[in-house]
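Text of input_26.json (JSON, C-alpha atoms and all ligand atoms) as supplied:
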```json
[["chain", "number", "residue", "atom", "x", "y", "z"],
["A", 5, "MET", "CA", 25.68, -13.76, 28.69],
["A", 6, "PRO", "CA", 25.14, -10.06, 29.61],
["A", 7, "ILE", "CA", 25.06, -7.77, 26.56],
["A", 8, "PRO", "CA", 26.58, -4.29, 27.10],
["A", 9, "THR", "CA", 23.89, -1.60, 27.18],
["A", 10, "SER", "CA", 25.82, 0.42, 24.57],
["A", 11, "ILE", "CA", 25.03, -2.35, 22.06],
["A", 12, "THR", "CA", 21.30, -2.29, 22.77],
["A", 13, "SER", "CA", 21.17, 1.50, 22.73],
["A", 14, "ASP", "CA", 23.06, 1.67, 19.39],
["A", 15, "PHE", "CA", 20.63, -0.91, 17.96],
["A", 16, "ASP", "CA", 17.61, 1.04, 19.23],
["A", 17, "ARG", "CA", 18.93, 4.31, 17.82],
["A", 18, "ASP", "CA", 20.32, 3.14, 14.46],
["A", 19, "GLY", "CA", 18.28, 0.01, 13.64],
["A", 20, "TYR", "CA", 21.44, -2.04, 13.28],
["A", 21, "VAL", "CA", 24.64, -2.79, 15.13],
["A", 22, "ALA", "CA", 27.98, -4.24, 13.98],
["A", 23, "LEU", "CA", 29.85, -6.57, 16.34],
["A", 24, "PRO", "CA", 33.41, -7.21, 15.10],
["A", 25, "GLY", "CA", 34.87, -10.65, 15.91],
["A", 26, "PHE", "CA", 31.60, -11.97, 17.33],
["A", 27, "LEU", "CA", 32.47, -15.57, 16.49],
["A", 28, "PRO", "CA", 35.78, -16.76, 17.97],
["A", 29, "GLU", "CA", 38.41, -17.94, 15.47],
["A", 30, "GLY", "CA", 38.11, -21.67, 16.29],
["A", 31, "GLU", "CA", 34.33, -21.67, 15.93],
["A", 32, "LEU", "CA", 34.58, -19.75, 12.70],
["A", 33, "THR", "CA", 36.98, -22.34, 11.26],
["A", 34, "GLU", "CA", 34.59, -25.12, 12.17],
["A", 35, "LEU", "CA", 31.57, -23.23, 10.83],
["A", 36, "ASP", "CA", 33.30, -22.58, 7.53],
["A", 37, "ALA", "CA", 34.15, -26.28, 7.17],
["A", 38, "ARG", "CA", 30.56, -27.28, 8.07],
["A", 39, "VAL", "CA", 29.13, -24.92, 5.47],
["A", 40, "THR", "CA", 31.41, -26.34, 2.80],
["A", 41, "GLN", "CA", 30.48, -29.89, 3.78],
["A", 42, "PHE", "CA", 26.77, -29.02, 3.86],
["A", 43, "ILE", "CA", 26.94, -27.63, 0.34],
["A", 44, "ALA", "CA", 28.69, -30.77, -0.93],
["A", 45, "ASP", "CA", 26.63, -33.39, 0.93],
["A", 46, "VAL", "CA", 23.20, -32.00, 1.75],
["A", 47, "VAL", "CA", 22.35, -29.39, -0.85],
["A", 48, "PRO", "CA", 22.05, -31.85, -3.77],
["A", 49, "ALA", "CA", 19.09, -33.53, -2.02],
["A", 50, "MET", "CA", 17.36, -30.38, -0.71],
["A", 51, "PRO", "CA", 14.01, -29.32, -2.17],
["A", 52, "ARG", "CA", 14.46, -26.76, -4.91],
["A", 53, "GLU", "CA", 12.46, -24.08, -3.06],
["A", 54, "HIS", "CA", 15.23, -23.96, -0.44],
["A", 55, "VAL", "CA", 18.18, -23.72, -2.87],
["A", 56, "PHE", "CA", 18.72, -20.79, -5.21],
["A", 57, "TYR", "CA", 21.38, -20.38, -7.89],
["A", 58, "GLU", "CA", 22.12, -17.34, -10.01],
["A", 59, "ASN", "CA", 22.13, -19.88, -12.86],
["A", 60, "LYS", "CA", 20.70, -23.21, -11.87],
["A", 61, "GLU", "CA", 22.78, -25.04, -14.48],
["A", 62, "ASP", "CA", 25.94, -23.83, -12.72],
["A", 63, "PRO", "CA", 26.51, -25.19, -9.17],
["A", 64, "THR", "CA", 29.26, -22.63, -8.53],
["A", 65, "SER", "CA", 26.62, -19.90, -8.76],
["A", 66, "LEU", "CA", 24.85, -21.02, -5.53],
["A", 67, "LYS", "CA", 23.42, -17.86, -3.96],
["A", 68, "GLN", "CA", 21.04, -18.78, -1.16],
["A", 69, "LEU", "CA", 19.96, -21.67, 1.08],
["A", 70, "GLN", "CA", 16.97, -21.65, 3.42],
["A", 71, "HIS", "CA", 16.37, -23.33, 6.80],
["A", 72, "LEU", "CA", 19.77, -25.02, 7.18],
["A", 73, "TYR", "CA", 18.89, -26.11, 10.73],
["A", 74, "ARG", "CA", 16.12, -28.38, 9.45],
["A", 75, "TYR", "CA", 18.69, -30.44, 7.58],
["A", 76, "ASP", "CA", 21.67, -30.46, 9.95],
["A", 77, "SER", "CA", 21.52, -30.18, 13.74],
["A", 78, "TYR", "CA", 24.93, -28.48, 13.83],
["A", 79, "PHE", "CA", 23.23, -25.33, 12.51],
["A", 80, "ALA", "CA", 20.41, -25.48, 15.08],
["A", 81, "ASN", "CA", 23.01, -25.88, 17.81],
["A", 82, "ILE", "CA", 25.08, -22.87, 16.83],
["A", 83, "PHE", "CA", 22.04, -20.68, 17.44],
["A", 84, "GLU", "CA", 21.76, -21.95, 21.01],
["A", 85, "ARG", "CA", 25.47, -22.30, 21.70],
["A", 86, "GLY", "CA", 27.00, -19.35, 19.91],
["A", 87, "GLY", "CA", 25.48, -16.53, 21.98],
["A", 88, "PHE", "CA", 23.01, -15.66, 19.22],
["A", 89, "ARG", "CA", 19.87, -16.27, 21.29],
["A", 90, "ASP", "CA", 21.10, -14.15, 24.22],
["A", 91, "LEU", "CA", 22.01, -11.33, 21.88],
["A", 92, "ALA", "CA", 18.66, -11.43, 20.04],
["A", 93, "GLU", "CA", 16.70, -11.49, 23.30],
["A", 94, "SER", "CA", 18.64, -8.52, 24.69],
["A", 95, "LEU", "CA", 18.19, -6.48, 21.52],
["A", 96, "LEU", "CA", 14.47, -7.17, 21.19],
["A", 97, "GLY", "CA", 13.85, -7.11, 24.95],
["A", 98, "ALA", "CA", 11.79, -10.29, 24.70],
["A", 99, "PRO", "CA", 12.19, -14.05, 24.37],
["A", 100, "VAL", "CA", 12.68, -15.01, 20.72],
["A", 101, "VAL", "CA", 11.95, -17.90, 18.43],
["A", 102, "LEU", "CA", 14.36, -18.96, 15.67],
["A", 103, "LYS", "CA", 12.54, -18.71, 12.31],
["A", 104, "ASN", "CA", 15.20, -19.22, 9.68],
["A", 105, "LEU", "CA", 18.88, -19.86, 9.22],
["A", 106, "GLN", "CA", 19.98, -18.92, 5.74],
["A", 107, "TYR", "CA", 23.16, -19.02, 3.72],
["A", 108, "PHE", "CA", 23.83, -16.10, 1.39],
["A", 109, "ASN", "CA", 26.49, -15.83, -1.24],
["A", 110, "LYS", "CA", 27.24, -13.43, -4.01],
["A", 111, "PRO", "CA", 29.52, -15.46, -6.26],
["A", 112, "PRO", "CA", 32.32, -13.47, -7.94],
["A", 113, "ARG", "CA", 31.18, -11.48, -11.01],
["A", 114, "VAL", "CA", 27.69, -13.02, -11.12],
["A", 115, "GLY", "CA", 26.32, -12.22, -7.63],
["A", 116, "ARG", "CA", 23.48, -9.78, -8.24],
["A", 117, "PRO", "CA", 22.43, -6.81, -6.09],
["A", 118, "THR", "CA", 20.07, -7.26, -3.16],
["A", 119, "PRO", "CA", 17.12, -4.88, -3.65],
["A", 120, "ALA", "CA", 16.36, -2.37, -0.87],
["A", 121, "HIS", "CA", 13.85, -3.96, 1.47],
["A", 122, "GLN", "CA", 12.64, -4.34, 5.03],
["A", 123, "ASP", "CA", 12.63, -7.93, 6.26],
["A", 124, "GLY", "CA", 9.38, -7.34, 8.15],
["A", 125, "PHE", "CA", 7.56, -6.99, 4.85],
["A", 126, "TYR", "CA", 8.39, -10.64, 4.14],
["A", 127, "PHE", "CA", 7.72, -11.81, 7.70],
["A", 128, "MET", "CA", 4.04, -10.73, 7.91],
["A", 129, "ILE", "CA", 4.10, -10.38, 11.71],
["A", 130, "GLU", "CA", 2.32, -8.09, 14.13],
["A", 131, "PRO", "CA", 3.87, -6.33, 15.97],
["A", 132, "CYS", "CA", 6.89, -6.14, 13.66],
["A", 133, "GLU", "CA", 9.40, -7.12, 16.34],
["A", 134, "ALA", "CA", 12.07, -9.32, 14.84],
["A", 135, "LEU", "CA", 15.67, -9.12, 13.76],
["A", 136, "THR", "CA", 18.22, -10.66, 11.44],
["A", 137, "MET", "CA", 21.79, -11.52, 12.47],
["A", 138, "TRP", "CA", 24.14, -11.54, 9.48],
["A", 139, "LEU", "CA", 27.41, -13.34, 10.11],
["A", 140, "ALA", "CA", 30.18, -12.69, 7.59],
["A", 141, "LEU", "CA", 32.11, -15.75, 6.40],
["A", 142, "ASP", "CA", 34.33, -13.79, 3.97],
["A", 143, "HIS", "CA", 35.90, -10.35, 3.87],
["A", 144, "VAL", "CA", 33.05, -8.17, 2.70],
["A", 145, "ASP", "CA", 33.42, -4.67, 1.30],
["A", 146, "ASP", "CA", 32.19, -2.32, -1.36],
["A", 147, "GLU", "CA", 33.64, -4.42, -4.21],
["A", 148, "ASN", "CA", 32.00, -7.73, -3.36],
["A", 149, "GLY", "CA", 28.68, -6.34, -2.16],
["A", 150, "CYS", "CA", 28.60, -5.35, 1.53],
["A", 151, "VAL", "CA", 25.30, -4.73, 3.29],
["A", 152, "ARG", "CA", 24.11, -1.10, 3.34],
["A", 153, "TYR", "CA", 21.70, 0.11, 6.00],
["A", 154, "VAL", "CA", 19.59, 3.26, 6.11],
["A", 155, "LEU", "CA", 20.38, 4.65, 9.53],
["A", 156, "GLY", "CA", 17.32, 5.02, 11.77],
["A", 157, "SER", "CA", 14.91, 3.77, 9.10],
["A", 158, "HIS", "CA", 13.38, 1.26, 11.55],
["A", 159, "ARG", "CA", 11.71, 4.25, 13.22],
["A", 160, "ARG", "CA", 9.92, 5.42, 10.09],
["A", 161, "GLY", "CA", 7.49, 2.55, 9.50],
["A", 162, "MET", "CA", 6.99, 0.08, 6.69],
["A", 163, "ARG", "CA", 7.47, 1.30, 3.11],
["A", 164, "ASP", "CA", 5.58, 0.05, 0.07],
["A", 165, "HIS", "CA", 7.18, -2.99, -1.52],
["A", 166, "GLY", "CA", 6.64, -4.50, -4.96],
["A", 167, "ARG", "CA", 7.70, -7.59, -6.87],
["A", 168, "THR", "CA", 11.33, -7.78, -8.06],
["A", 169, "GLN", "CA", 12.92, -10.31, -10.39],
["A", 170, "VAL", "CA", 15.70, -11.10, -7.90],
["A", 171, "LEU", "CA", 15.64, -14.72, -6.80],
["A", 172, "GLY", "CA", 15.59, -14.90, -2.98],
["A", 173, "PHE", "CA", 14.51, -11.24, -2.60],
["A", 174, "SER", "CA", 11.15, -11.19, -4.32],
["A", 175, "GLN", "CA", 10.05, -7.87, -2.80],
["A", 176, "GLY", "CA", 11.77, -4.48, -2.87],
["A", 177, "ILE", "CA", 10.88, -0.94, -1.76],
["A", 178, "VAL", "CA", 9.17, 0.67, -4.73],
["A", 179, "ASP", "CA", 10.36, 4.24, -4.15],
["A", 180, "HIS", "CA", 13.75, 3.59, -2.58],
["A", 181, "GLY", "CA", 16.33, 6.28, -3.37],
["A", 182, "GLN", "CA", 14.59, 9.22, -1.68],
["A", 183, "PRO", "CA", 17.04, 11.93, -0.45],
["A", 184, "ASP", "CA", 16.65, 10.64, 3.11],
["A", 185, "ASP", "CA", 17.51, 7.07, 2.03],
["A", 186, "LEU", "CA", 20.66, 8.24, 0.24],
["A", 187, "ALA", "CA", 21.86, 10.64, 2.91],
["A", 188, "ASN", "CA", 21.51, 8.08, 5.68],
["A", 189, "GLU", "CA", 22.88, 5.00, 3.94],
["A", 190, "ARG", "CA", 25.86, 3.34, 5.64],
["A", 191, "ALA", "CA", 27.94, 0.68, 3.86],
["A", 192, "ILE", "CA", 29.24, -1.84, 6.40],
["A", 193, "SER", "CA", 32.47, -3.69, 5.61],
["A", 194, "ALA", "CA", 33.02, -6.88, 7.59],
["A", 195, "ARG", "CA", 35.61, -9.55, 8.24],
["A", 196, "PRO", "CA", 34.94, -13.26, 8.72],
["A", 197, "GLY", "CA", 33.32, -13.76, 12.13],
["A", 198, "ASP", "CA", 31.91, -10.21, 12.34],
["A", 199, "LEU", "CA", 28.20, -10.02, 13.06],
["A", 200, "LEU", "CA", 25.77, -7.40, 11.80],
["A", 201, "VAL", "CA", 22.31, -7.30, 13.36],
["A", 202, "HIS", "CA", 19.39, -5.36, 11.93],
["A", 203, "HIS", "CA", 15.81, -4.75, 13.01],
["A", 204, "ALA", "CA", 13.05, -6.11, 10.75],
["A", 205, "LEU", "CA", 12.04, -2.54, 9.83],
["A", 206, "THR", "CA", 15.56, -1.37, 8.92],
["A", 207, "ILE", "CA", 15.94, -0.64, 5.22],
["A", 208, "HIS", "CA", 18.93, -2.41, 3.70],
["A", 209, "ARG", "CA", 20.33, -3.45, 0.35],
["A", 210, "ALA", "CA", 23.60, -4.56, -1.23],
["A", 211, "GLU", "CA", 25.34, -4.09, -4.55],
["A", 212, "GLY", "CA", 26.33, -7.05, -6.71],
["A", 213, "ASN", "CA", 29.74, -8.70, -6.50],
["A", 214, "ARG", "CA", 32.06, -6.90, -8.95],
["A", 215, "SER", "CA", 35.18, -8.80, -7.94],
["A", 216, "ALA", "CA", 36.63, -11.46, -10.21],
["A", 217, "SER", "CA", 37.58, -13.96, -7.52],
["A", 218, "ARG", "CA", 36.16, -13.12, -4.08],
["A", 219, "SER", "CA", 32.97, -14.76, -2.91],
["A", 220, "ARG", "CA", 30.72, -12.96, -0.42],
["A", 221, "ARG", "CA", 29.37, -15.62, 1.91],
["A", 222, "ALA", "CA", 27.33, -15.06, 5.08],
["A", 223, "LEU", "CA", 24.83, -16.76, 7.35],
["A", 224, "GLY", "CA", 21.55, -15.03, 8.13],
["A", 225, "ILE", "CA", 19.81, -15.94, 11.38],
["A", 226, "ILE", "CA", 16.25, -14.69, 11.73],
["A", 227, "CYS", "CA", 14.41, -14.48, 15.08],
["A", 228, "TYR", "CA", 10.97, -13.19, 15.95],
["A", 229, "ALA", "CA", 9.92, -11.95, 19.39],
["A", 230, "VAL", "CA", 7.66, -14.71, 20.73],
["A", 231, "HIS", "CA", 4.74, -12.29, 21.00],
["A", 232, "ALA", "CA", 4.98, -11.31, 17.30],
["A", 233, "LYS", "CA", 2.06, -13.08, 15.67],
["A", 234, "GLU", "CA", 2.59, -14.38, 12.15],
["A", 235, "ASP", "CA", -0.20, -14.33, 9.58],
["A", 236, "ALA", "CA", 0.78, -17.92, 8.75],
["A", 237, "THR", "CA", -2.02, -18.46, 6.21],
["A", 238, "ARG", "CA", -1.04, -15.37, 4.22],
["A", 239, "ALA", "CA", 2.69, -16.18, 4.46],
["A", 240, "ALA", "CA", 2.19, -19.78, 3.30],
["A", 241, "SER", "CA", -0.06, -18.72, 0.46],
["A", 242, "TYR", "CA", 2.50, -16.12, -0.71],
["A", 243, "GLN", "CA", 5.26, -18.77, -0.62],
["A", 244, "ARG", "CA", 3.14, -21.24, -2.60],
["A", 245, "ARG", "CA", 2.36, -18.69, -5.31],
["A", 246, "LEU", "CA", 5.98, -17.51, -5.48],
["A", 247, "GLN", "CA", 7.39, -21.03, -5.74],
["A", 248, "ALA", "CA", 4.89, -21.98, -8.44],
["A", 249, "GLU", "CA", 5.82, -18.85, -10.38],
["A", 250, "LEU", "CA", 9.59, -19.46, -10.01],
["A", 251, "ALA", "CA", 9.23, -23.13, -11.00],
["A", 252, "ALA", "CA", 7.09, -22.23, -14.04],
["A", 253, "ALA", "CA", 9.74, -19.70, -15.10],
["A", 254, "GLY", "CA", 12.50, -22.34, -14.71],
["A", 255, "ARG", "CA", 14.28, -20.29, -12.05],
["A", 256, "ILE", "CA", 14.31, -23.00, -9.34],
["B", 1, "LIG", "O1", 23.12, -10.71, 2.03],
["B", 1, "LIG", "C1", 22.49, -9.79, 1.52],
["B", 1, "LIG", "O2", 22.79, -9.27, 0.46],
["B", 1, "LIG", "C2", 21.27, -9.25, 2.18],
["B", 1, "LIG", "C3", 20.81, -10.07, 3.32],
["B", 1, "LIG", "C4", 19.51, -9.59, 3.82],
["B", 1, "LIG", "O3", 18.77, -8.88, 3.19],
["B", 1, "LIG", "C5", 19.11, -10.01, 5.15],
["B", 1, "LIG", "O4", 19.84, -10.77, 5.81],
["B", 1, "LIG", "O5", 18.03, -9.56, 5.59]]
```
Starting from the file, lay out its structure as structure tokens.
Ligand SMILES: O=C(O)CCC(=O)C(=O)O
Amino acid sequence: MPIPTSITSDFDRDGYVALPGFLPEGELTELDARVTQFIADVVPAMPREHVFYENKEDPTSLKQLQHLYRYDSYFANIFERGGFRDLAESLLGAPVVLKNLQYFNKPPRVGRPTPAHQDGFYFMIEPCEALTMWLALDHVDDENGCVRYVLGSHRRGMRDHGRTQVLGFSQGIVDHGQPDDLANERAISARPGDLLVHHALTIHRAEGNRSASRSRRALGIICYAVHAKEDATRAASYQRRLQAELAAAGRI
């Protein structure tokens, strides 16, 4: 599928692009039903390091799932079928490999903020050529915690990150909130089926969900350019340490 050059040039300039109505209505309805079914049928048997709750005693506080495509081929197929691969390859200008398919929610009232971060810090790849596609499943706005990007931040290199206490976002930018970060931040509202795409160096964050009744669900699809080499030993060792720490603290 050819991708209009205005989309690639906006992505190159801003570090993100918003594509309203990316997923057609019928596919969105099916996806929503599949997600609901997955949560009911598959999640109870998933390993705890792939399932995060705001409060693990409360199933309604589910906040994040990792690697859905490993558990259900429907989710692997949407990457190939839904135009996501073509889009990612056009934006990165290279063939890509699918690395993760995540579910994010910020449950009403309890969904906590997402710390400011750059995904590439987590990815441990060289060169840092990767992107995340964030597909809204709900109406998302300021009240329930929309994604906020720092315009053009993908052109200013990797910032220092440090440990946070936010489950699912263990690293955040230590000095975020500089005048440049604040002046260039853009809050992106979205409707179900809208797609946001950001570069792995783009700074982004989200507020918590302040609404009393509206969830804030999304899928996150992560791709690396095939030539981006992962420091797999370092990444696996970080994951092992993090999971041991979270398990010891009773968080997962
Ligand atoms: O859903 C969020 O709050 C943030 C998601 C995110 O950081 C990402 O997809 O890279």
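If you look at atom CA of Asn104 of chain A and atom CA of Thr118 of chain A, they are 18.2 Å away from each other.
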Next item on the list: Kindly compile the residues surrounding ligand LIG 1 (chain B) within 10 Å, counting all atoms listed in the file, and format them as a count of residues only.
Entry: 52
Next item on the list: Using atom CA of Pro99 of chain A and atom CA of Ala134 of chain A as the two end points, give the distance in Å to one decimal.
Entry: 10.6 Å
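Nearest to Asn81 of chain A of all the residues A:Met50, A:Ala216, A:Leu35, A:Val144 is A:Leu35, counting all atoms listed in the file.
If all atoms listed in the file are the atoms counted, then among A:His231, A:Ser217, A:Asp90, A:Arg113 the closest residue to Thr12 of chain A is A:Asp90.
Nearest-residue note for Phe56 of chain A: choosing from A:Val21, A:Ala187, A:Ala251, A:Ile129, the minimum distance belongs to A:Ala251, counting all atoms listed in the file.
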Next item on the list: Go through A:Ile192, A:Ala37, A:Leu66, A:Val55 one by one, measure the shortest atom-to-atom distance of each to Ala22 of chain A using all atoms listed in the file, and give the residue with the smallest value.
Entry: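 For Ala22 of chain A, the nearest of the given residues is A:Ile192.
Put simply, atom CA of Arg255 of chain A is 12.2 Å away from atom CA of Asp62 of chain A.
Closest approach to Arg160 of chain A among A:Leu205, A:Val178, A:Glu234, A:Pro111: A:Leu205, based on all atoms listed in the file.
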Next item on the list: Within 8 Å of Glu130 of chain A, counting all atoms listed in the file, which residues show up once you throw out same-chain ones fewer than 3 positions away? Write them as a PyMOL selection string, please.
Entry: chain A and resi 133+232-234
Check: Quick one: of A:Asp18, A:Asp146, A:Val154, A:Gln41, who's nearest to Leu186 of chain A, counting all atoms listed in the file?
Finding: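 The closest residue to Leu186 of chain A is A:Val154.
For Arg214 of chain A, the list of residues within 7 Å, based on all atoms listed in the file and with local chain neighbours fewer than 6 positions off taken out, reads Pro112, Arg113, Glu147 and Asn148 of chain A.
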Using the selection just defined, write its residues with C-alpha atoms as a tab-separated table (two decimals), in the coordinates of the input.
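Saved the output as again04.tsv:
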```tsv
chain	number	residue	atom	x	y	z
A	112	PRO	CA	32.32	-13.47	-7.94
A	113	ARG	CA	31.18	-11.48	-11.01
A	147	GLU	CA	33.64	-4.42	-4.21
A	148	ASN	CA	32.00	-7.73	-3.36
```
For segment 198-213 of chain A, supply N, CA, C and O atoms and report the output as a short mmCIF file (atom, residue, chain, number, x, y, z; two decimals), in the frame of the given file.
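Once written, out-v3.cif looks like this:
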```
data_model
loop_
_atom_site.label_atom_id
_atom_site.label_comp_id
_atom_site.auth_asym_id
_atom_site.auth_seq_id
_atom_site.Cartn_x
_atom_site.Cartn_y
_atom_site.Cartn_z
N ASP A 198 32.62 -11.42 11.90
CA ASP A 198 31.91 -10.21 12.34
C ASP A 198 30.41 -10.44 12.18
O ASP A 198 29.96 -11.11 11.23
N LEU A 199 29.66 -9.86 13.10
CA LEU A 199 28.20 -10.02 13.06
C LEU A 199 27.53 -8.66 12.89
O LEU A 199 27.85 -7.72 13.62
N LEU A 200 26.62 -8.58 11.95
CA LEU A 200 25.77 -7.40 11.80
C LEU A 200 24.37 -7.83 12.22
O LEU A 200 23.94 -8.93 11.88
N VAL A 201 23.69 -6.96 12.95
CA VAL A 201 22.31 -7.30 13.36
C VAL A 201 21.42 -6.14 12.94
O VAL A 201 21.75 -4.98 13.23
N HIS A 202 20.31 -6.45 12.28
CA HIS A 202 19.39 -5.36 11.93
C HIS A 202 17.96 -5.70 12.33
O HIS A 202 17.55 -6.85 12.33
N HIS A 203 17.23 -4.64 12.65
CA HIS A 203 15.81 -4.75 13.01
C HIS A 203 15.01 -5.04 11.73
O HIS A 203 15.42 -4.66 10.63
N ALA A 204 13.86 -5.71 11.91
CA ALA A 204 13.05 -6.11 10.75
C ALA A 204 12.47 -4.92 9.98
O ALA A 204 11.97 -5.09 8.87
N LEU A 205 12.53 -3.71 10.57
CA LEU A 205 12.04 -2.54 9.83
C LEU A 205 13.18 -1.72 9.22
O LEU A 205 12.94 -0.70 8.57
N THR A 206 14.41 -2.13 9.44
CA THR A 206 15.56 -1.37 8.92
C THR A 206 15.72 -1.60 7.42
O THR A 206 15.81 -2.75 6.96
N ILE A 207 15.76 -0.53 6.67
CA ILE A 207 15.94 -0.64 5.22
C ILE A 207 17.39 -1.03 4.94
O ILE A 207 18.32 -0.43 5.49
N HIS A 208 17.56 -2.02 4.07
CA HIS A 208 18.93 -2.41 3.70
C HIS A 208 18.94 -2.96 2.28
O HIS A 208 17.90 -3.36 1.75
N ARG A 209 20.14 -2.98 1.72
CA ARG A 209 20.33 -3.45 0.35
C ARG A 209 21.80 -3.79 0.20
O ARG A 209 22.60 -3.56 1.13
N ALA A 210 22.18 -4.32 -0.94
CA ALA A 210 23.60 -4.56 -1.23
C ALA A 210 23.79 -4.47 -2.74
O ALA A 210 22.88 -4.77 -3.51
N GLU A 211 25.00 -4.07 -3.13
CA GLU A 211 25.34 -4.09 -4.55
C GLU A 211 25.69 -5.52 -4.95
O GLU A 211 25.87 -6.39 -4.09
N GLY A 212 25.87 -5.74 -6.25
CA GLY A 212 26.33 -7.05 -6.71
C GLY A 212 27.82 -7.22 -6.39
O GLY A 212 28.47 -6.32 -5.86
N ASN A 213 28.31 -8.41 -6.73
CA ASN A 213 29.74 -8.70 -6.50
C ASN A 213 30.52 -8.39 -7.78
O ASN A 213 30.42 -9.12 -8.77
#
```
